[in-house]
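> Have a look at this one.
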Amino acid sequence: MHNPDLVARPPNVARGSTTGPPPPSFTVLNPADGEIIDWLPEADAEDARLAVERAAAAFADWSGLSARERSACLYRWAALLRAEQQPLAEQLSAEQGKPLAEALGEIEYSASYLQWFAEEAPRIYGDTIPAPDRSKRIMVTKQPVGVVAAITPWNFPMAMLARKAGAALAAGCTFVGKPAHETPLSALALQRLALQAGIPAGVFELVTGSDSAAIGEVLTQHPLIAKFSFTGSTRVGRLLAAQCSSTVKRVSLELGGNAPFIVFADADIEAALDGLMLAKFRNAGQTCVCANRVLVQAEIYDEFAERLRQRMMDLQVGPLIHERAAVAVRQLVADALFVGARQLWPPADHADGLGRGNRVTPTLLADVTNSMAVAQSEIFGPVVPLISFTGEAEAIRLANDTEYGLASYLYTRDSARLWRVADALQFGMVGMNDAAISNAAAPFGGMKQSGYGREGSRYGLDDYLEIKYLSMGGL
Ligand code: SIN
């Protein structure tokens, strides 16, 4: 259910006059039933420029606060989120489509990043370096990079914003965020709570609008922006990174994934199945770290497939974000079946087939090969392609045979193999007998075409800090 009181009306329409026609607006839909749950004024490129200017104006005061003062604001922000967890989760669930339990989890996940960076802010240390000359001293200080802009996705509408803004604000940067137009309400609630937490106006700006290209152009090219951060598809990330090059911005990109989930014959199969259900079906399969290809050693392939099928028989997942997304997922399944995969679930006579509208029936495919589109694309839906392998070398080769390099998972009881394979996987994150890899203490990020930069953990501050070297002579 959406409660309009949770949402600060966007300040990015400050130009709106009180007379004349109403400003253009865009609607926010509930993916579960397609109903309109809110409509918001459309921000355009000019609104984005104004937001950048407000963030730039706020920078001197915010970066001039002590780290402890900034930290206190972030602690309060996290506490306010937790205090409103239930209504915020209901709103998030309404605009995004994920079940309430997962939405509650996302509010806590968001608060955990704000808390983490509240804890990190006072620990932004410098360094001293022995100088080559006795008359000198070399010191290193760290300073906020300036105004940060970020574009965040609809799959975790609050957490992805909190993860970036928490780090930026802790470092002393000010921030302009562009949330996905499908899910702006959680972002606006986050902004209302930022102000309530004592974070001054201008420090956490938002631009909500559906013309992502026009707004994105401003956020990637405005000379007052020092750093740009994006979470979304690799295709869009490439374009945005290219746009950032004209003003030589620092860029961090958290892009698509194609996570292999490797199960060796010596694994604890029950634990692997538990992990797979978690890593595959969180948010109906719409996460960048979702298990995308399940590689199972030949000896246990049939047993694993059957036990997984039984678990999937009663599984219910939420809707996908919109029908376009569901059609793309069903097309990947149809393509796989056409080129030789076998559908283990749902049965051919299943009442809902592969799903309708923006709903996709959890689908299990056997006899998939790594060259099929379903294995090479980021599925972003509740589909499990099973691929068989014979030995360790083949598992590693298949797992790494993708342009992506975000998350990966492997299950085995052989501890030497666990380390060997983890070392060989070309992914930024490896779950070793572990499928719940996302948390504020850990560096989240990828390799290859999954992007660069890390979010969360102590490394998550690095992208928001300039290193300045001070050379003092005449000693
Ligand atoms: C994502 O899907 O982009 C983020 C998922 C996570 O933080 O676990």
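Here, A, B, ... name the chains of the structure tokens in the order displayed, residue numbers run from 1 inside each chain, and ligands are numbered from 1 in the same displayed order.
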Show me which residues sit within 6 Å of ligand 1 when counting only C-alpha atoms and all ligand atoms, and put them as a PyMOL selection string.
chain A and resi 287-289+438
> Mind dumping a table of every range 208-303 of chain A residue within 9 Å of range 371-386 of chain A, with the nearest atom pair and its distance in Å to one decimal, using only C-alpha atoms, sorted by chain and rising number, as a tab-separated table?

residue	atom	partner	partner_atom	distance
A:Gly256	CA	A:Glu378	CA	6.7
A:Gly257	CA	A:Glu378	CA	6.1
A:Asn258	CA	A:Glu378	CA	5.4
A:Ala259	CA	A:Glu378	CA	8.6
A:Lys280	CA	A:Pro382	CA	6.9
A:Phe281	CA	A:Pro382	CA	5.9
A:Arg282	CA	A:Pro382	CA	8.8
A:Asn283	CA	A:Gly381	CA	8.6
A:Ala284	CA	A:Pro382	CA	5.4
A:Gly285	CA	A:Gly381	CA	4.3
A:Gln286	CA	A:Phe380	CA	4.4
A:Thr287	CA	A:Phe380	CA	6.5
A:Cys288	CA	A:Phe380	CA	7.6
A:Cys290	CA	A:Phe380	CA	7.8
A:Ala291	CA	A:Val384	CA	8.0
A:Asn292	CA	A:Ile379	CA	6.6
A:Arg293	CA	A:Pro385	CA	5.5
A:Val294	CA	A:Leu386	CA	4.9
A:Leu295	CA	A:Leu386	CA	6.1
A:Val296	CA	A:Leu386	CA	7.0
A:Tyr301	CA	A:Leu386	CA	8.5
> Fewer than 2 positions away in the same chain doesn't count, so skip those; otherwise give me all residues within 6 Å of Ser457 in chain A, counting only C-alpha atoms, as a list in words.
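Neighbouring residues, sequence-local ones excluded: Ala440, Ala441, Ala442, Pro443, Tyr459 and Gly460 of chain A.
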> Keeping only C-alpha atoms, write the selected residues to a file as a PDB file, in the first residue's frame.

ATOM      1  CA  ALA A 440      27.490  -3.467   4.189  1.00  0.00           C
ATOM      2  CA  ALA A 441      30.836  -4.755   5.484  1.00  0.00           C
ATOM      3  CA  ALA A 442      31.747  -6.349   2.134  1.00  0.00           C
ATOM      4  CA  PRO A 443      33.140  -4.702  -1.023  1.00  0.00           C
ATOM      5  CA  TYR A 459      36.908   0.296   0.281  1.00  0.00           C
ATOM      6  CA  GLY A 460      33.568   1.891  -0.572  1.00  0.00           C
TER       7      GLY A 460
END
> So which residues touch Val203 in chain A within 7 Å, counting only C-alpha atoms, skipping near sequence neighbours fewer than 4 positions away, as a tab-separated table (two decimals) with all heavy atoms, in the first residue's frame?

chain	number	residue	atom	x	y	z
A	55	ALA	N	23.44	21.32	-5.05
A	55	ALA	CA	24.42	20.42	-4.39
A	55	ALA	C	25.80	21.08	-4.34
A	55	ALA	O	26.53	20.95	-3.35
A	55	ALA	CB	24.48	19.09	-5.13
A	58	ALA	N	25.90	23.60	-1.60
A	58	ALA	CA	25.89	23.02	-0.25
A	58	ALA	C	27.24	22.38	0.12
A	58	ALA	O	27.47	22.02	1.28
A	58	ALA	CB	24.79	21.96	-0.16
A	174	THR	N	28.65	16.17	-1.59
A	174	THR	CA	27.20	16.33	-1.72
A	174	THR	C	26.76	15.49	-2.92
A	174	THR	O	27.58	15.06	-3.73
A	174	THR	CB	26.79	17.80	-1.85
A	174	THR	OG1	27.49	18.38	-2.95
A	174	THR	CG2	27.11	18.56	-0.58
A	175	PHE	N	25.43	15.30	-3.05
A	175	PHE	CA	24.96	14.18	-3.87
A	175	PHE	C	23.72	14.57	-4.66
A	175	PHE	O	22.81	15.21	-4.13
A	175	PHE	CB	24.61	13.04	-2.90
A	175	PHE	CG	24.25	11.74	-3.51
A	175	PHE	CD1	25.22	10.80	-3.82
A	175	PHE	CD2	22.92	11.43	-3.78
A	175	PHE	CE1	24.88	9.56	-4.37
A	175	PHE	CE2	22.57	10.22	-4.33
A	175	PHE	CZ	23.55	9.27	-4.62
A	199	ILE	N	20.36	16.52	7.80
A	199	ILE	CA	21.24	16.68	6.64
A	199	ILE	C	20.71	17.91	5.87
A	199	ILE	O	19.54	17.93	5.46
A	199	ILE	CB	21.24	15.41	5.77
A	199	ILE	CG1	21.88	14.26	6.57
A	199	ILE	CG2	21.96	15.64	4.45
A	199	ILE	CD1	21.75	12.90	5.96
> Which of range 103-346 of chain A end up as helix (DSSP H, G or I) when DSSP is run on this backbone - answer as JSON, numbers by chain?
{"A": [103, 104, 105, 106, 107, 108, 109, 110, 111, 112, 113, 114, 115, 116, 117, 118, 119, 120, 121, 122, 123, 159, 160, 161, 162, 163, 164, 165, 166, 167, 168, 169, 170, 171, 184, 185, 186, 187, 188, 189, 190, 191, 192, 193, 194, 195, 196, 212, 213, 214, 215, 216, 217, 218, 219, 220, 221, 234, 235, 236, 237, 238, 239, 240, 241, 242, 243, 244, 245, 246, 247, 269, 270, 271, 272, 273, 274, 275, 276, 277, 278, 279, 280, 281, 282, 283, 284, 285, 298, 299, 300, 301, 302, 303, 304, 305, 306, 307, 308, 309, 310, 311, 312, 313, 323, 324, 325, 326, 327, 328, 329, 330, 331, 332, 333, 334, 335, 336, 337, 338]}
> Calculated over only C-alpha atoms, which of the candidates A:Glu323, A:Asp401, A:Glu102, A:Glu42 has the smallest distance to Gly355 in chain A?
A:Glu323
